[in-house]
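Pasting final_23.pdb here (PDB, C-alpha atoms):
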```
ATOM      1  CA  ARG J   1      63.250  95.783 103.967
ATOM      2  CA  PRO J   2      64.298  98.905 101.970
ATOM      3  CA  LEU J   3      66.647 101.097 103.974
ATOM      4  CA  ALA J   4      65.069 104.279 102.592
ATOM      5  CA  PRO J   5      61.679 103.532 100.959
ATOM      6  CA  GLU J   6      61.153 107.083  99.744
ATOM      7  CA  ALA J   7      64.407 106.931  97.783
ATOM      8  CA  ASN J   8      62.615 104.818  95.206
ATOM      9  CA  PRO J   9      62.345 106.996  92.041
ATOM     10  CA  ALA J  10      58.836 105.620  91.526
ATOM     11  CA  HIS J  11      57.768 107.722  94.512
ATOM     12  CA  TRP J  12      59.297 110.943  93.219
ATOM     13  CA  TRP J  13      57.072 113.707  91.903
ATOM     14  CA  GLY J  14      57.520 114.846  88.319
ATOM     15  CA  THR J  15      59.751 112.035  87.086
ATOM     16  CA  GLY J  16      57.213 110.154  84.991
ATOM     17  CA  MET J  17      54.737 110.915  82.235
ATOM     18  CA  SER J  18      51.583 112.632  83.476
ATOM     19  CA  ARG J  19      48.546 114.067  81.748
ATOM     20  CA  SER J  20      46.064 116.676  82.868
ATOM     21  CA  ASP J  21      42.367 115.887  82.877
ATOM     22  CA  VAL J  22      41.940 118.888  80.555
ATOM     23  CA  ALA J  23      43.249 118.330  77.031
ATOM     24  CA  VAL J  24      45.578 120.901  75.499
ATOM     25  CA  VAL J  25      43.215 120.928  72.513
ATOM     26  CA  ALA J  26      39.719 119.445  72.644
ATOM     27  CA  ALA J  27      38.925 116.773  70.073
ATOM     28  CA  THR J  28      36.543 119.052  68.158
ATOM     29  CA  GLU J  29      38.654 122.182  68.565
ATOM     30  CA  ALA J  30      41.027 123.506  65.924
ATOM     31  CA  VAL J  31      44.719 123.468  66.787
ATOM     32  CA  ARG J  32      45.872 127.082  66.703
ATOM     33  CA  ILE J  33      49.361 127.381  65.221
ATOM     34  CA  PRO J  34      50.980 130.804  64.790
ATOM     35  CA  ALA J  35      52.998 130.770  61.568
ATOM     36  CA  ALA J  36      56.059 132.155  63.355
ATOM     37  CA  SER J  37      56.020 129.186  65.754
ATOM     38  CA  LEU J  38      55.604 126.331  63.253
ATOM     39  CA  GLY J  39      59.336 125.820  62.836
ATOM     40  CA  ILE J  40      60.004 125.471  66.577
ATOM     41  CA  LEU J  41      56.981 123.159  66.964
ATOM     42  CA  LEU J  42      58.521 120.825  64.403
ATOM     43  CA  ARG J  43      62.063 121.079  65.793
ATOM     44  CA  CYS J  44      61.375 121.087  69.545
ATOM     45  CA  PRO J  45      57.791 120.519  70.777
ATOM     46  CA  ARG J  46      58.847 121.151  74.402
ATOM     47  CA  CYS J  47      60.016 124.672  73.596
ATOM     48  CA  TRP J  48      56.845 125.338  71.592
ATOM     49  CA  PHE J  49      54.618 124.175  74.459
ATOM     50  CA  LEU J  50      56.442 126.281  77.039
ATOM     51  CA  GLN J  51      56.245 129.352  74.804
ATOM     52  CA  GLN J  52      52.750 129.002  73.385
ATOM     53  CA  ARG J  53      50.738 127.138  76.023
ATOM     54  CA  ALA J  54      52.528 127.180  79.384
ATOM     55  CA  GLY J  55      52.982 130.939  79.693
ATOM     56  CA  GLY J  56      56.763 130.745  79.508
ATOM     57  CA  GLU J  57      58.974 133.796  79.386
ATOM     58  CA  GLY J  58      60.460 133.100  75.966
ATOM     59  CA  GLY J  59      58.544 135.863  74.228
ATOM     60  CA  THR J  60      58.787 138.608  76.861
ATOM     61  CA  GLY J  61      62.542 138.995  77.278
ATOM     62  CA  LEU J  62      64.567 142.053  76.404
ATOM     63  CA  ALA J  63      65.386 140.915  72.852
ATOM     64  CA  ALA J  64      61.716 140.276  72.095
ATOM     65  CA  ARG J  65      60.679 143.664  73.472
ATOM     66  CA  ILE J  66      63.365 145.417  71.418
ATOM     67  CA  GLY J  67      62.021 143.599  68.380
ATOM     68  CA  THR J  68      58.515 144.823  69.136
ATOM     69  CA  VAL J  69      59.680 148.442  69.430
ATOM     70  CA  MET J  70      61.610 148.264  66.169
ATOM     71  CA  HIS J  71      58.660 146.699  64.344
ATOM     72  CA  GLN J  72      56.452 149.518  65.633
ATOM     73  CA  LEU J  73      58.961 152.041  64.299
ATOM     74  CA  PHE J  74      59.122 150.383  60.880
ATOM     75  CA  GLU J  75      55.326 150.270  60.674
ATOM     76  CA  LEU J  76      55.067 153.948  61.616
ATOM     77  CA  ASP J  77      57.615 154.758  58.925
ATOM     78  CA  THR J  78      55.602 152.780  56.353
ATOM     79  CA  VAL J  79      52.146 154.081  57.263
ATOM     80  CA  SER J  80      52.992 157.725  58.014
ATOM     81  CA  GLY J  81      55.538 158.181  55.276
ATOM     82  CA  PRO J  82      59.340 158.235  55.602
ATOM     83  CA  LEU J  83      60.300 159.395  59.078
ATOM     84  CA  SER J  84      63.107 161.877  59.567
ATOM     85  CA  PRO J  85      66.054 160.771  61.718
ATOM     86  CA  ASP J  86      64.966 163.239  64.404
ATOM     87  CA  VAL J  87      61.422 161.822  64.583
ATOM     88  CA  ALA J  88      62.737 158.256  64.646
ATOM     89  CA  THR J  89      65.204 159.160  67.401
ATOM     90  CA  GLU J  90      62.489 160.753  69.527
ATOM     91  CA  PHE J  91      60.213 157.719  69.078
ATOM     92  CA  LEU J  92      62.979 155.323  70.093
ATOM     93  CA  ARG J  93      64.030 157.438  73.082
ATOM     94  CA  GLU J  94      60.486 157.386  74.466
ATOM     95  CA  GLN J  95      60.152 153.628  74.001
ATOM     96  CA  TRP J  96      63.642 152.802  75.242
ATOM     97  CA  ALA J  97      62.969 154.179  78.716
ATOM     98  CA  ALA J  98      60.571 151.294  79.431
ATOM     99  CA  LEU J  99      62.882 148.469  78.325
ATOM    100  CA  PRO J 100      64.253 146.234  81.120
ATOM    101  CA  TYR J 101      67.984 146.862  80.790
ATOM    102  CA  ARG J 102      70.140 145.919  83.783
ATOM    103  CA  ALA J 103      72.346 149.017  83.584
ATOM    104  CA  ALA J 104      72.257 152.517  82.121
ATOM    105  CA  ALA J 105      75.347 151.848  80.023
ATOM    106  CA  LEU J 106      73.705 148.824  78.415
ATOM    107  CA  ARG J 107      70.565 150.844  77.728
ATOM    108  CA  GLU J 108      72.567 153.572  76.001
ATOM    109  CA  ALA J 109      74.517 151.037  73.950
ATOM    110  CA  GLY J 110      71.304 149.318  72.882
ATOM    111  CA  PHE J 111      69.817 152.681  71.953
ATOM    112  CA  GLY J 112      72.803 153.416  69.729
ATOM    113  CA  LEU J 113      72.433 150.054  67.983
ATOM    114  CA  ALA J 114      68.746 150.767  67.393
ATOM    115  CA  LEU J 115      69.529 154.146  65.807
ATOM    116  CA  ALA J 116      72.070 152.489  63.522
ATOM    117  CA  ALA J 117      69.512 149.802  62.633
ATOM    118  CA  PHE J 118      66.953 152.436  61.655
ATOM    119  CA  ALA J 119      69.544 154.224  59.530
ATOM    120  CA  ARG J 120      70.242 150.972  57.645
ATOM    121  CA  TYR J 121      66.508 150.337  57.337
ATOM    122  CA  ALA J 122      66.025 153.861  55.892
ATOM    123  CA  VAL J 123      68.595 153.148  53.173
ATOM    124  CA  TRP J 124      66.852 149.852  52.402
ATOM    125  CA  ARG J 125      63.424 151.525  52.269
ATOM    126  CA  ALA J 126      64.696 154.295  49.991
ATOM    127  CA  GLY J 127      65.912 151.661  47.549
ATOM    128  CA  ARG J 128      62.439 150.115  47.152
ATOM    129  CA  ALA J 129      61.152 152.648  44.640
ATOM    130  CA  TYR J 130      60.819 149.886  42.046
ATOM    131  CA  ARG J 131      58.107 148.273  44.206
ATOM    132  CA  SER J 132      54.879 149.561  45.710
ATOM    133  CA  VAL J 133      53.755 148.955  49.295
ATOM    134  CA  VAL J 134      50.441 147.101  49.497
ATOM    135  CA  ALA J 135      50.033 146.606  53.249
ATOM    136  CA  SER J 136      51.818 146.769  56.583
ATOM    137  CA  GLU J 137      51.321 144.573  59.675
ATOM    138  CA  ARG J 138      48.527 142.608  57.972
ATOM    139  CA  ALA J 139      47.084 139.790  60.124
ATOM    140  CA  PHE J 140      45.539 136.612  58.741
ATOM    141  CA  GLN J 141      43.780 133.404  59.758
ATOM    142  CA  ILE J 142      43.476 130.273  57.620
ATOM    143  CA  GLN J 143      41.127 127.415  58.499
ATOM    144  CA  LEU J 144      42.593 124.076  57.376
ATOM    145  CA  ALA J 145      40.988 120.631  57.362
ATOM    146  CA  LEU J 146      43.897 118.203  57.767
ATOM    147  CA  PRO J 147      44.119 114.456  58.507
ATOM    148  CA  SER J 148      44.896 115.132  62.189
ATOM    149  CA  GLY J 149      41.882 117.439  62.521
ATOM    150  CA  PRO J 150      41.039 121.118  62.028
ATOM    151  CA  VAL J 151      43.859 123.652  62.236
ATOM    152  CA  LEU J 152      43.765 127.431  62.521
ATOM    153  CA  LEU J 153      46.928 128.928  61.033
ATOM    154  CA  THR J 154      47.474 132.522  62.155
ATOM    155  CA  GLY J 155      50.063 135.196  61.573
ATOM    156  CA  LYS J 156      50.886 138.806  60.846
ATOM    157  CA  VAL J 157      52.977 139.887  57.875
ATOM    158  CA  ASP J 158      55.289 142.848  58.499
ATOM    159  CA  ARG J 159      55.169 144.276  54.984
ATOM    160  CA  ILE J 160      53.651 143.301  51.636
ATOM    161  CA  GLU J 161      54.905 144.775  48.393
ATOM    162  CA  SER J 162      53.947 144.379  44.759
ATOM    163  CA  ASP J 163      56.737 143.778  42.238
ATOM    164  CA  ALA J 164      56.901 144.810  38.565
ATOM    165  CA  ALA J 165      55.066 141.627  37.544
ATOM    166  CA  GLY J 166      52.193 142.349  39.918
ATOM    167  CA  ARG J 167      53.159 139.588  42.344
ATOM    168  CA  ALA J 168      53.008 139.919  46.123
ATOM    169  CA  VAL J 169      56.347 140.043  47.922
ATOM    170  CA  VAL J 170      56.268 139.190  51.620
ATOM    171  CA  VAL J 171      58.844 141.125  53.666
ATOM    172  CA  ASP J 172      59.656 140.046  57.213
ATOM    173  CA  TYR J 173      61.855 142.173  59.493
ATOM    174  CA  LYS J 174      64.261 140.310  61.758
ATOM    175  CA  THR J 175      65.887 142.254  64.582
ATOM    176  CA  GLY J 176      68.301 139.535  65.673
ATOM    177  CA  LYS J 177      72.027 139.991  65.275
ATOM    178  CA  ASN J 178      72.621 136.664  63.546
ATOM    179  CA  ALA J 179      71.120 135.960  60.123
ATOM    180  CA  LYS J 180      69.782 132.493  60.937
ATOM    181  CA  VAL J 181      67.665 131.829  57.884
ATOM    182  CA  ASP J 182      66.782 128.146  58.333
ATOM    183  CA  LYS J 183      64.597 128.677  61.402
ATOM    184  CA  HIS J 184      62.319 131.045  59.466
ATOM    185  CA  LEU J 185      61.651 128.967  56.345
ATOM    186  CA  GLU J 186      58.363 127.473  57.543
ATOM    187  CA  GLN J 187      57.185 130.911  58.656
ATOM    188  CA  LEU J 188      57.820 132.382  55.219
ATOM    189  CA  ALA J 189      56.062 129.478  53.541
ATOM    190  CA  CYS J 190      52.990 130.065  55.742
ATOM    191  CA  TYR J 191      53.004 133.718  54.745
ATOM    192  CA  GLU J 192      53.182 132.760  51.081
ATOM    193  CA  LEU J 193      50.262 130.386  51.654
ATOM    194  CA  ALA J 194      48.307 133.286  53.133
ATOM    195  CA  VAL J 195      49.020 135.312  50.000
ATOM    196  CA  ALA J 196      48.080 132.565  47.553
ATOM    197  CA  THR J 197      44.813 131.722  49.323
ATOM    198  CA  GLY J 198      43.658 135.326  49.576
ATOM    199  CA  ALA J 199      43.800 135.319  53.379
ATOM    200  CA  LEU J 200      45.592 138.684  53.449
ATOM    201  CA  GLY J 201      42.743 140.561  51.809
ATOM    202  CA  PRO J 202      41.453 141.466  48.355
ATOM    203  CA  ASP J 203      44.061 144.179  47.845
ATOM    204  CA  VAL J 204      46.937 141.675  47.991
ATOM    205  CA  PRO J 205      47.793 139.941  44.679
ATOM    206  CA  LEU J 206      47.337 136.165  44.702
ATOM    207  CA  ALA J 207      50.509 135.585  42.697
ATOM    208  CA  VAL J 208      53.460 134.920  44.977
ATOM    209  CA  ALA J 209      57.029 136.117  44.524
ATOM    210  CA  ASN J 210      59.942 135.022  46.698
ATOM    211  CA  ALA J 211      59.683 136.304  50.244
ATOM    212  CA  GLU J 212      62.438 138.390  51.808
ATOM    213  CA  LEU J 213      64.012 138.555  55.252
ATOM    214  CA  VAL J 214      65.369 142.001  56.143
ATOM    215  CA  TRP J 215      67.985 142.307  58.926
ATOM    216  CA  PRO J 216      68.327 146.013  59.911
ATOM    217  CA  TYR J 217      70.829 145.229  62.682
ATOM    218  CA  LEU J 218      73.265 143.698  60.200
ATOM    219  CA  ALA J 219      75.454 145.683  57.807
ATOM    220  CA  PRO J 220      75.395 144.723  54.117
ATOM    221  CA  ARG J 221      77.688 141.917  53.030
ATOM    222  CA  SER J 222      80.422 143.135  50.699
ATOM    223  CA  ARG J 223      79.793 140.425  48.105
ATOM    224  CA  SER J 224      76.001 140.320  48.108
ATOM    225  CA  ALA J 225      74.281 142.359  45.408
ATOM    226  CA  GLY J 226      70.931 141.754  47.116
ATOM    227  CA  ASP J 227      71.912 143.645  50.247
ATOM    228  CA  VAL J 228      70.777 147.264  50.221
ATOM    229  CA  GLY J 229      71.369 149.234  53.406
ATOM    230  CA  CYS J 230      71.355 146.038  55.462
ATOM    231  CA  GLN J 231      71.414 142.304  54.933
ATOM    232  CA  VAL J 232      68.518 141.020  52.836
ATOM    233  CA  THR J 233      67.833 137.325  52.329
ATOM    234  CA  SER J 234      65.608 136.386  49.411
ATOM    235  CA  ASP J 235      63.904 133.010  49.722
ATOM    236  CA  PRO J 236      65.119 131.035  46.647
ATOM    237  CA  GLY J 237      62.320 128.481  46.943
ATOM    238  CA  VAL J 238      61.814 124.841  46.085
ATOM    239  CA  LEU J 239      58.473 124.619  44.304
ATOM    240  CA  PHE J 240      55.699 122.225  45.276
ATOM    241  CA  GLU J 241      52.027 121.928  44.384
ATOM    242  CA  LEU J 242      49.295 123.101  46.725
ATOM    243  CA  ALA J 243      45.804 123.162  45.255
ATOM    244  CA  GLY J 244      47.278 124.034  41.881
ATOM    245  CA  VAL J 245      49.281 126.957  43.281
ATOM    246  CA  GLU J 246      53.058 126.929  43.248
ATOM    247  CA  LEU J 247      54.552 128.047  46.537
ATOM    248  CA  ALA J 248      58.117 128.225  47.754
ATOM    249  CA  LEU J 249      59.172 126.110  50.720
ATOM    250  CA  PRO J 250      62.967 126.117  50.909
ATOM    251  CA  GLU J 251      64.882 122.985  51.731
ATOM    252  CA  ARG J 252      61.774 120.855  52.323
ATOM    253  CA  ALA J 253      60.687 117.797  50.335
ATOM    254  CA  GLU J 254      57.278 117.583  52.017
ATOM    255  CA  SER J 255      54.416 119.931  51.287
ATOM    256  CA  LEU J 256      53.663 122.740  53.687
ATOM    257  CA  LEU J 257      50.325 121.191  54.571
ATOM    258  CA  ALA J 258      52.044 117.967  55.606
ATOM    259  CA  LEU J 259      54.346 119.943  57.903
ATOM    260  CA  ILE J 260      51.429 121.812  59.465
ATOM    261  CA  ASP J 261      49.582 118.523  59.928
ATOM    262  CA  GLN J 262      52.661 117.004  61.559
ATOM    263  CA  GLY J 263      52.797 119.862  64.036
ATOM    264  CA  ALA J 264      49.069 119.712  64.755
ATOM    265  CA  ALA J 265      49.251 115.942  65.353
ATOM    266  CA  THR J 266      52.030 116.549  67.887
ATOM    267  CA  VAL J 267      49.838 119.027  69.779
ATOM    268  CA  ARG J 268      46.830 116.711  69.768
ATOM    269  CA  ALA J 269      48.939 113.784  71.009
ATOM    270  CA  GLU J 270      50.412 116.034  73.734
ATOM    271  CA  ARG J 271      53.873 114.641  73.105
ATOM    272  CA  PHE J 272      55.934 117.733  73.779
ATOM    273  CA  ASP J 273      59.324 116.059  73.653
ATOM    274  CA  ALA J 274      62.580 117.957  74.017
ATOM    275  CA  ILE J 275      64.656 117.550  70.865
ATOM    276  CA  PRO J 276      68.248 118.819  70.875
ATOM    277  CA  GLY J 277      69.615 120.706  67.901
ATOM    278  CA  LYS J 278      70.785 124.067  66.639
ATOM    279  CA  GLN J 279      67.636 125.626  68.078
ATOM    280  CA  CYS J 280      68.972 124.983  71.597
ATOM    281  CA  VAL J 281      71.437 127.871  71.242
ATOM    282  CA  GLY J 282      69.730 130.905  72.697
ATOM    283  CA  CYS J 283      66.652 128.945  73.836
ATOM    284  CA  ALA J 284      65.010 130.618  76.837
ATOM    285  CA  PHE J 285      64.145 127.196  78.290
ATOM    286  CA  ARG J 286      67.488 125.448  77.916
ATOM    287  CA  ARG J 287      68.242 125.270  81.629
ATOM    288  CA  GLY J 288      66.805 122.075  83.049
ATOM    289  CA  CYS J 289      66.014 120.734  79.595
ATOM    290  CA  PRO J 290      66.025 116.907  79.699
ATOM    291  CA  ALA J 291      67.505 116.718  76.213
ATOM    292  CA  LEU J 292      70.573 118.629  77.412
ATOM    293  CA  GLY J 293      71.122 116.700  80.624
ATOM    294  CA  GLY J 294      70.139 119.752  82.654
ATOM    295  CA  LEU J 295      73.398 121.488  81.759
ATOM    296  CA  GLY J 296      71.957 124.044  79.384
ATOM    297  CA  VAL J 297      73.663 125.621  76.400
ATOM    298  CA  GLU J 298      75.354 128.956  76.247
ATOM    299  CA  GLY J 299      73.380 130.930  73.703
ATOM    300  CA  GLY J 300      73.478 134.179  71.813
ATOM    301  CA  ASP J 301      70.738 136.619  71.027
ATOM    302  CA  ASP J 302      67.954 135.734  68.678
ATOM    303  CA  GLU J 303      64.567 136.920  67.505
TER     304      GLU J 303
END
```
Would you mind giving the structure from this file in C-alpha cells?
Amino acid sequence: RPLAPEANPAHWWGTGMSRSDVAVVAATEAVRIPAASLGILLRCPRCWFLQQRAGGEGGTGLAARIGTVMHQLFELDTVSGPLSPDVATEFLREQWAALPYRAAALREAGFGLALAAFARYAVWRAGRAYRSVVASERAFQIQLALPSGPVLLTGKVDRIESDAAGRAVVVDYKTGKNAKVDKHLEQLACYELAVATGALGPDVPLAVANAELVWPYLAPRSRSAGDVGCQVTSDPGVLFELAGVELALPERAESLLALIDQGAATVRAERFDAIPGKQCVGCAFRRGCPALGGLGVEGGDDE
C-alpha cells in the first residue's frame, strides 16, 4: 500500500501533455504569423505561443512601450517633415509621463536617452538625401498556400525608401541597446517578400534592395562607413529563388517559404516546445521555463 498515494506524479496537475478541445488554429483556418515573430517561432515555439496566443506580457513591458513611443516619433518626423529638437522634446515629454518607470530618476534617465536617440536619428535622416521616402508605417498581409495549409503573413514596415536604381529599401528601426542582428533576419526577409510581391502597395517598387536596420540608441561605430548618426546594419543577403524573384535571406540555406511553412506546421501541430538558446537572454518568459530547469536566465534589454 502506497504511503502517500497523492505523491504519485501521475496525479499531479500540469505535469503531462494536455490539449484543449478548441484548436489553436482550425483545420480550414489560415495560420496568422506576424513577420516580426517568425524568428522566435522558429527558435522557441513556447515563447511565441505565450507572446502571440496566450496573452503573455512579453510585448507590453517598459522596453516595448518605449519602442512604440520612439516609432511614433520617427513616423511623425517622416510624415510631417523634419521635426525641430524642441518639438521632438515636447512630444517625448508628453509621452514619457505615461510610461511605467519604477522611480522618477529612472524616468528622467530614460528621457535623456530618448532625446539622444532622436538626435542620432536626426543626423541619420539628414544624410538620406540621396534616397526618397516612399512610405512610412506601411502594413501588409500576404496569403500563402503552403504544404502545411494556408498562412496569413502580416507585418508593418517602418520606412520604405527608393534608391538611385529605383529599388525599394526597407528600413526597420530598432530601439534596443544591443545590435542583435541575427534575430531579425527572418523579419527582414518577410518584408522583402512583401515588397517583391506588391503587398505594400502600387507606389512601392517591386525591385528589392538590401534592407537596413537602424539603431538610434547606439552611437556610430568608429570603423563602419555605413554608420551615419547611429549604427546602421545593411542586410548583405544570400540570394535564393522565389517565384523567379531574387530575395535576400541572410545566413539561411532554406527558402523563406520553407521557413514560414515550418513555423505554420508547428502551430498546427500545437507543439510549443521550449528550446534553449541565445534567445533566452532577455526573454520575458524565462522564469519557470522547462528548458532552463526553472532557474531562468539573467537577461538584458531587447526590442
> So what do you get for CA of Arg167 (chain J) versus CA of Val133 (chain J), distance-wise?
Replying inline: 11.7 Å
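The interatomic distance for the pair CA of Ala291 (chain J) and CA of Val24 (chain J) works out to 22.3 Å.
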>> Please enumerate the residues selected by the PyMOL selection byres ((chain J and resi 78) around 9) when evaluated against the supplied file, formatted as a list in words.
In response: Leu73, Phe74, Glu75, Leu76, Asp77, Val79, Ser80, Gly81, Pro82, Leu83, Arg125, Val133, Ala135, Ser136 and Arg159 of chain J
Take the residues just selected and output them with C-alpha atoms as a PDB file, keeping the file's coordinate frame.
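Contents of selection-v6.pdb, as written:
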```
ATOM      1  CA  LEU J  73      58.961 152.041  64.299  1.00  0.00           C
ATOM      2  CA  PHE J  74      59.122 150.383  60.880  1.00  0.00           C
ATOM      3  CA  GLU J  75      55.326 150.270  60.674  1.00  0.00           C
ATOM      4  CA  LEU J  76      55.067 153.948  61.616  1.00  0.00           C
ATOM      5  CA  ASP J  77      57.615 154.758  58.925  1.00  0.00           C
ATOM      6  CA  VAL J  79      52.146 154.081  57.263  1.00  0.00           C
ATOM      7  CA  SER J  80      52.992 157.725  58.014  1.00  0.00           C
ATOM      8  CA  GLY J  81      55.538 158.181  55.276  1.00  0.00           C
ATOM      9  CA  PRO J  82      59.340 158.235  55.602  1.00  0.00           C
ATOM     10  CA  LEU J  83      60.300 159.395  59.078  1.00  0.00           C
ATOM     11  CA  ARG J 125      63.424 151.525  52.269  1.00  0.00           C
ATOM     12  CA  VAL J 133      53.755 148.955  49.295  1.00  0.00           C
ATOM     13  CA  ALA J 135      50.033 146.606  53.249  1.00  0.00           C
ATOM     14  CA  SER J 136      51.818 146.769  56.583  1.00  0.00           C
ATOM     15  CA  ARG J 159      55.169 144.276  54.984  1.00  0.00           C
TER      16      ARG J 159
END
```
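Selection by the PyMOL selection byres ((chain J and resi 259-271) around 8) on the present file picks out Val24, Val25, Ala27, Val31, Ile33, Leu38, Leu41, Leu42, Pro45, Leu146, Pro147, Ser148, Gly149, Val151, Glu254, Ser255, Leu256, Leu257, Ala258, Phe272 and Asp273 of chain J.
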Which residues of region 85-123 of chain J come within 10 Å of region 206-215 of chain J, and what is each one's closest atom pair and distance in Å (one decimal), counting all atoms listed in the file, sorted by chain and residue number, as a Markdown table?
```
| residue | atom | partner | partner_atom | distance |
| --- | --- | --- | --- | --- |
| J:Ala117 | CA | J:Trp215 | CA | 8.5 |
| J:Arg120 | CA | J:Trp215 | CA | 9.0 |
| J:Tyr121 | CA | J:Trp215 | CA | 8.3 |
```
>> For this structure, which residues satisfy the selection - the PyMOL selection byres ((chain J and resi 162) around 9) - when it is evaluated on the file as given? I want them as a list in words.
In response: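 Evaluating the PyMOL selection byres ((chain J and resi 162) around 9) on this file yields Arg131, Ser132, Val133, Val134, Ile160, Glu161, Asp163, Ala164, Ala165, Gly166, Arg167, Ala168, Val169, Val170, Val204, Pro205 and Ala209 of chain J.
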> Which residue gives the smallest distance to Gly67 (chain J) among J:Thr154, J:Ser222, J:Ser84, J:Thr175, with all atoms listed in the file counted?
Replying inline: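 The shortest atom-to-atom distance to Gly67 (chain J) comes from J:Thr175.
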>> Calculated over all atoms listed in the file, which of the candidates J:Ser37, J:Pro100, J:Ser224, J:Lys174 has the smallest distance to Leu50 (chain J)?
In response: J:Ser37
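Minimum atom-to-atom distances from J:Gly110, J:Gly155, J:Thr233, J:Pro202 to Leu185 (chain J) were compared using all atoms listed in the file, and the lowest value belongs to J:Thr233.
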>> What does the structure give for the distance between CA of Gly277 (chain J) and CA of Asp235 (chain J), in Å to one decimal?
In response: 22.7 Å
>> Applying 8 Å and only C-alpha atoms, which residues near Pro220 (chain J) remain after dropping the ones on its own chain fewer than 3 positions away? List them as a list in words.
In response: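 Here the qualifying residues turn out to be Ser224, Asp227, Val228, Gly229, Cys230, Gln231 and Val232 of chain J.
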Export of prior selection with C-alpha atoms as a PDB file, in the frame of the given file:
```
ATOM      1  CA  SER J 224      76.001 140.320  48.108  1.00  0.00           C
ATOM      2  CA  ASP J 227      71.912 143.645  50.247  1.00  0.00           C
ATOM      3  CA  VAL J 228      70.777 147.264  50.221  1.00  0.00           C
ATOM      4  CA  GLY J 229      71.369 149.234  53.406  1.00  0.00           C
ATOM      5  CA  CYS J 230      71.355 146.038  55.462  1.00  0.00           C
ATOM      6  CA  GLN J 231      71.414 142.304  54.933  1.00  0.00           C
ATOM      7  CA  VAL J 232      68.518 141.020  52.836  1.00  0.00           C
TER       8      VAL J 232
END
```
